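Here the structure comes first, spelled out in structure tokens, and everything after it is commentary.
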Amino acid sequence: MLKRGHGEHKKTCLKSGARFCPSTVAERCFFFFVIHVVLAQEKDKKKRCTSQVVHPQWRVHSDKLRNALQVSRAWCGWTGRPEFRQTSAQLTDRVKDLLDVAVAWRLRKQGLPLWVGPEAQECLKDFFVDVSQSVGRTPWGKCGDNVLCFTKSTVLYSFQRGSLVHPLEMARMLGWPDNWEAPAGVPLNKIKEMLGNSVALPSLGSVVWAWRLVQSRRM
């Protein structure tokens, strides 16, 4: 029985549509070695990708602001208190981090140590933060110091009370009288949206008064 030569074997492989058909032992060993190397590289690449931790965007902004304030990521002076864990356990990690960064920012601005004691709590009176916003926007302020701009999604947190602000209380912050009540049948979230699209009554009154004053001088 005649054996086919090497050239005839290659022609047969090409006719059958095979891309690579090793004929010798050396070619086969080299072929399997290349496959082994490629598979090992792919496995190592997947392992590196899974080991890399991709931080959310709010964590990146938080780390940047904490570095500027010289505050470590582990610092949780406000949310680490026992009374906070009992009353605000439903808040997310993003919101808790936002509260801690806001407290650190306030204490640094006032030249106080990073310790939430009686002096710090006195400093945090009338201090609010909009927990619906990103920490990169620094959405906090103190009444009489900075004015927070309400939006349809605004959710205020009061450091003086250690809890979220009710939508009706937000209406009073915009100048509505204390005896004002929400219309019957209107959900609170709708009231909050309307407050976010409204203008503070004292500001509106000042604008109208200034306009009337200018008009009276022209007459």
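Each chain in the structure tokens gets a letter, A, B and so on, in the order shown; residues start at 1 in every chain, and ligands are counted from 1 in the order they appear.
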
>> Please list as a PyMOL selection string every residue within 8 Å of stretch 56-64 of chain A, counting only C-alpha atoms and excluding residues in the same chain fewer than 2 positions away.
In response: chain A and resi 54+66-68+73+94+97-98+101+134-136

Output N, CA and C atoms of each residue in that selection to a file, as an mmCIF file, in the first residue's frame.
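To be explicit, this is the file written out as selection00.cif:
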data_model
loop_
_atom_site.group_PDB
_atom_site.id
_atom_site.type_symbol
_atom_site.label_atom_id
_atom_site.label_comp_id
_atom_site.auth_asym_id
_atom_site.auth_seq_id
_atom_site.Cartn_x
_atom_site.Cartn_y
_atom_site.Cartn_z
ATOM 1 N N VAL A 54 -14.543 48.658 40.138
ATOM 2 C CA VAL A 54 -14.984 49.882 39.479
ATOM 3 C C VAL A 54 -15.871 50.651 40.454
ATOM 4 N N ARG A 66 -12.968 64.583 49.848
ATOM 5 C CA ARG A 66 -12.360 64.184 51.121
ATOM 6 C C ARG A 66 -10.861 64.476 51.126
ATOM 7 N N ASN A 67 -10.208 64.256 50.002
ATOM 8 C CA ASN A 67 -8.777 64.572 49.923
ATOM 9 C C ASN A 67 -8.540 66.070 50.081
ATOM 10 N N ALA A 68 -9.423 66.876 49.497
ATOM 11 C CA ALA A 68 -9.286 68.326 49.644
ATOM 12 C C ALA A 68 -9.504 68.768 51.087
ATOM 13 N N ARG A 73 -11.361 58.218 53.870
ATOM 14 C CA ARG A 73 -12.606 57.601 53.434
ATOM 15 C C ARG A 73 -13.307 56.890 54.589
ATOM 16 N N ARG A 94 -24.596 55.925 49.497
ATOM 17 C CA ARG A 94 -24.293 57.216 48.869
ATOM 18 C C ARG A 94 -24.774 58.366 49.742
ATOM 19 N N ASP A 97 -22.629 58.679 52.924
ATOM 20 C CA ASP A 97 -21.344 59.311 52.616
ATOM 21 C C ASP A 97 -21.520 60.803 52.381
ATOM 22 N N LEU A 98 -22.609 61.189 51.733
ATOM 23 C CA LEU A 98 -22.884 62.608 51.496
ATOM 24 C C LEU A 98 -23.045 63.361 52.807
ATOM 25 N N VAL A 101 -19.557 63.793 54.449
ATOM 26 C CA VAL A 101 -18.736 64.796 53.760
ATOM 27 C C VAL A 101 -19.254 66.198 54.053
ATOM 28 N N SER A 134 -25.706 65.018 43.867
ATOM 29 C CA SER A 134 -24.400 64.377 43.979
ATOM 30 C C SER A 134 -23.502 65.161 44.922
ATOM 31 N N VAL A 135 -22.580 64.456 45.558
ATOM 32 C CA VAL A 135 -21.653 65.117 46.477
ATOM 33 C C VAL A 135 -20.753 66.092 45.734
ATOM 34 N N GLY A 136 -20.552 65.872 44.437
ATOM 35 C CA GLY A 136 -19.731 66.786 43.662
ATOM 36 C C GLY A 136 -20.341 68.163 43.502
#

> as a ChimeraX atom specification, which residues of stretch 22-105 of chain A does DSSP assign to helix (DSSP H, G or I)?
Replying inline: /A:25-51,57-69,82-87,93-105

> Given the choices A:Leu201, A:Val131, A:Val165, A:Val207, which gets closest to A:Leu188 if the distance is worked out from only C-alpha atoms?
Replying inline: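 For A:Leu188, the nearest of the given residues is A:Val165.
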
Surrounding residues of stretch 104-116 of chain A excluding itself and chain neighbours under 4 positions, 8 Å, only C-alpha atoms, as a short mmCIF file (atom, residue, chain, number, x, y, z; two decimals) with N, CA and C atoms, in the first residue's frame:
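Ended up saving to around24.cif:
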data_model
loop_
_atom_site.label_atom_id
_atom_site.label_comp_id
_atom_site.auth_asym_id
_atom_site.auth_seq_id
_atom_site.Cartn_x
_atom_site.Cartn_y
_atom_site.Cartn_z
N LEU A 69 -10.39 68.07 51.80
CA LEU A 69 -10.65 68.39 53.20
C LEU A 69 -9.71 67.68 54.16
N VAL A 71 -9.66 64.43 54.83
CA VAL A 71 -10.49 63.50 55.60
C VAL A 71 -10.40 62.14 54.93
N GLY A 77 -18.02 60.43 60.93
CA GLY A 77 -18.31 61.06 62.21
C GLY A 77 -19.79 61.27 62.47
N TRP A 78 -20.58 61.47 61.42
CA TRP A 78 -22.01 61.70 61.62
C TRP A 78 -22.81 60.40 61.57
N ASP A 100 -21.74 62.57 55.75
CA ASP A 100 -20.44 62.67 56.42
C ASP A 100 -19.56 63.73 55.77
N ALA A 120 -19.89 70.93 67.84
CA ALA A 120 -20.17 70.65 66.43
C ALA A 120 -21.67 70.62 66.16
N GLN A 121 -22.45 70.07 67.07
CA GLN A 121 -23.89 70.04 66.89
C GLN A 121 -24.49 71.44 66.90
N CYS A 123 -22.89 73.99 65.77
CA CYS A 123 -22.49 74.53 64.47
C CYS A 123 -23.37 74.00 63.34
N LEU A 124 -23.95 72.83 63.54
CA LEU A 124 -24.76 72.20 62.50
C LEU A 124 -26.23 72.58 62.57
#

>> Give me, as a list in words, the residues of stretch 26-199 of chain A that a backbone DSSP run labels strand (DSSP E).
In response: Phe127, Phe128, Val129, Asp130, Trp140, Gly141, Lys142, Leu156, Tyr157, Ser158, Ser163 and Leu164 of chain A

Store the residues of this selection in a file with all heavy atoms, as a compact mmCIF listing (two decimals), in the first residue's frame.
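Final file, part-v9.txt:
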# COMPACT_ATOMS: atom_id res chain seq x y z
N PHE A 127 -28.46 73.68 59.42
CA PHE A 127 -27.61 73.24 58.31
C PHE A 127 -28.33 72.09 57.61
O PHE A 127 -28.74 71.12 58.24
CB PHE A 127 -26.25 72.78 58.84
CG PHE A 127 -25.23 72.54 57.76
CD1 PHE A 127 -24.82 73.57 56.93
CD2 PHE A 127 -24.68 71.29 57.57
CE1 PHE A 127 -23.87 73.36 55.94
CE2 PHE A 127 -23.73 71.06 56.59
CZ PHE A 127 -23.33 72.10 55.77
N PHE A 128 -28.48 72.23 56.29
CA PHE A 128 -29.25 71.27 55.51
C PHE A 128 -28.41 70.77 54.34
O PHE A 128 -27.46 71.43 53.91
CB PHE A 128 -30.53 71.91 54.96
CG PHE A 128 -31.47 72.42 56.02
CD1 PHE A 128 -31.37 73.71 56.51
CD2 PHE A 128 -32.47 71.60 56.51
CE1 PHE A 128 -32.23 74.18 57.48
CE2 PHE A 128 -33.35 72.06 57.48
CZ PHE A 128 -33.23 73.35 57.97
N VAL A 129 -28.80 69.60 53.85
CA VAL A 129 -28.16 69.04 52.65
C VAL A 129 -29.24 68.38 51.81
O VAL A 129 -30.16 67.74 52.34
CB VAL A 129 -27.06 68.02 53.03
CG1 VAL A 129 -27.62 66.89 53.87
CG2 VAL A 129 -26.38 67.47 51.78
N ASP A 130 -29.14 68.59 50.51
CA ASP A 130 -30.07 67.97 49.56
C ASP A 130 -29.50 66.61 49.17
O ASP A 130 -28.59 66.51 48.36
CB ASP A 130 -30.24 68.87 48.33
CG ASP A 130 -31.32 68.35 47.38
OD1 ASP A 130 -31.86 67.26 47.64
OD2 ASP A 130 -31.60 69.03 46.38
N TRP A 140 -25.24 71.59 49.99
CA TRP A 140 -25.57 71.86 51.38
C TRP A 140 -25.43 73.35 51.66
O TRP A 140 -24.79 74.09 50.91
CB TRP A 140 -24.67 71.05 52.32
CG TRP A 140 -23.20 71.14 51.99
CD1 TRP A 140 -22.37 72.21 52.16
CD2 TRP A 140 -22.40 70.12 51.41
NE1 TRP A 140 -21.10 71.91 51.74
CE2 TRP A 140 -21.08 70.63 51.27
CE3 TRP A 140 -22.65 68.80 51.00
CZ2 TRP A 140 -20.04 69.88 50.74
CZ3 TRP A 140 -21.61 68.06 50.47
CH2 TRP A 140 -20.32 68.60 50.34
N GLY A 141 -26.03 73.77 52.74
CA GLY A 141 -25.97 75.17 53.11
C GLY A 141 -26.64 75.40 54.45
O GLY A 141 -27.38 74.55 54.95
N LYS A 142 -26.39 76.57 55.01
CA LYS A 142 -26.96 76.96 56.30
C LYS A 142 -27.90 78.13 56.08
O LYS A 142 -27.62 79.02 55.28
CB LYS A 142 -25.84 77.36 57.26
CG LYS A 142 -26.31 77.74 58.67
CD LYS A 142 -25.12 78.05 59.55
CE LYS A 142 -25.56 78.54 60.92
NZ LYS A 142 -26.32 77.53 61.66
N LEU A 156 -34.51 67.17 51.42
CA LEU A 156 -33.65 67.85 52.39
C LEU A 156 -33.47 67.00 53.64
O LEU A 156 -34.39 66.32 54.10
CB LEU A 156 -34.23 69.21 52.78
CG LEU A 156 -34.16 70.32 51.73
CD1 LEU A 156 -34.72 71.61 52.32
CD2 LEU A 156 -32.73 70.54 51.25
N TYR A 157 -32.26 67.08 54.18
CA TYR A 157 -31.94 66.43 55.45
C TYR A 157 -31.51 67.51 56.42
O TYR A 157 -30.66 68.35 56.11
CB TYR A 157 -30.82 65.41 55.26
CG TYR A 157 -30.41 64.70 56.53
CD1 TYR A 157 -31.03 63.52 56.92
CD2 TYR A 157 -29.41 65.21 57.34
CE1 TYR A 157 -30.66 62.86 58.08
CE2 TYR A 157 -29.03 64.56 58.50
CZ TYR A 157 -29.66 63.39 58.87
OH TYR A 157 -29.28 62.74 60.02
N SER A 158 -32.11 67.51 57.60
CA SER A 158 -31.80 68.48 58.64
C SER A 158 -30.84 67.87 59.65
O SER A 158 -31.16 66.84 60.27
CB SER A 158 -33.08 68.95 59.34
OG SER A 158 -32.77 69.73 60.47
N SER A 163 -32.95 64.09 60.63
CA SER A 163 -33.96 63.38 59.84
C SER A 163 -34.27 64.18 58.59
O SER A 163 -33.81 65.32 58.42
CB SER A 163 -35.24 63.17 60.66
OG SER A 163 -35.80 64.42 61.03
N LEU A 164 -35.06 63.57 57.70
CA LEU A 164 -35.46 64.24 56.47
C LEU A 164 -36.53 65.29 56.76
O LEU A 164 -37.29 65.18 57.71
CB LEU A 164 -35.98 63.21 55.46
CG LEU A 164 -34.98 62.14 55.01
CD1 LEU A 164 -35.65 61.15 54.07
CD2 LEU A 164 -33.76 62.76 54.34

> Between A:Ala102, A:Leu65, A:Leu174, A:Ile191, which has the minimum distance to A:Gly205 (counting only C-alpha atoms)?
Replying inline: A:Leu174

> Do you know which residues are at most 8 Å from stretch 167-171 of chain A counting only C-alpha atoms, after dropping those on the same chain fewer than 5 positions away, and could you put them as a ChimeraX atom specification?
Replying inline: /A:176,181-182,188-189,191-192,195

Go ahead and write the selection's residues with N, CA, C and O atoms as a short mmCIF file (atom, residue, chain, number, x, y, z; two decimals), in the first residue's frame.
data_model
loop_
_atom_site.label_atom_id
_atom_site.label_comp_id
_atom_site.auth_asym_id
_atom_site.auth_seq_id
_atom_site.Cartn_x
_atom_site.Cartn_y
_atom_site.Cartn_z
N TRP A 176 -44.23 80.13 52.84
CA TRP A 176 -45.64 79.89 53.05
C TRP A 176 -45.96 79.96 54.54
O TRP A 176 -45.14 79.58 55.38
N GLU A 181 -52.00 74.47 54.58
CA GLU A 181 -52.13 73.02 54.47
C GLU A 181 -52.23 72.63 53.01
O GLU A 181 -52.72 73.41 52.18
N ALA A 182 -51.79 71.43 52.73
CA ALA A 182 -51.84 70.94 51.35
C ALA A 182 -53.28 70.68 50.94
O ALA A 182 -54.10 70.29 51.77
N LEU A 188 -48.05 63.91 48.64
CA LEU A 188 -46.93 64.72 49.11
C LEU A 188 -45.83 64.84 48.07
O LEU A 188 -45.16 65.87 47.98
N ASN A 189 -45.63 63.78 47.27
CA ASN A 189 -44.59 63.87 46.25
C ASN A 189 -44.95 64.89 45.17
O ASN A 189 -44.07 65.56 44.61
N ILE A 191 -46.72 67.61 45.81
CA ILE A 191 -46.48 68.90 46.46
C ILE A 191 -45.01 69.25 46.41
O ILE A 191 -44.63 70.40 46.16
N LYS A 192 -44.16 68.25 46.61
CA LYS A 192 -42.72 68.49 46.56
C LYS A 192 -42.28 68.92 45.16
O LYS A 192 -41.43 69.80 45.00
N LEU A 195 -43.31 72.53 44.70
CA LEU A 195 -42.40 73.41 45.44
C LEU A 195 -41.08 73.58 44.69
O LEU A 195 -40.47 74.65 44.71
#

> Taking only C-alpha atoms into account, which of A:Pro202, A:Gln41, A:Gln160, A:Gln215 comes nearest A:Pro118?
Replying inline: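 Of the candidates, the smallest distance to A:Pro118 is held by A:Gln160.
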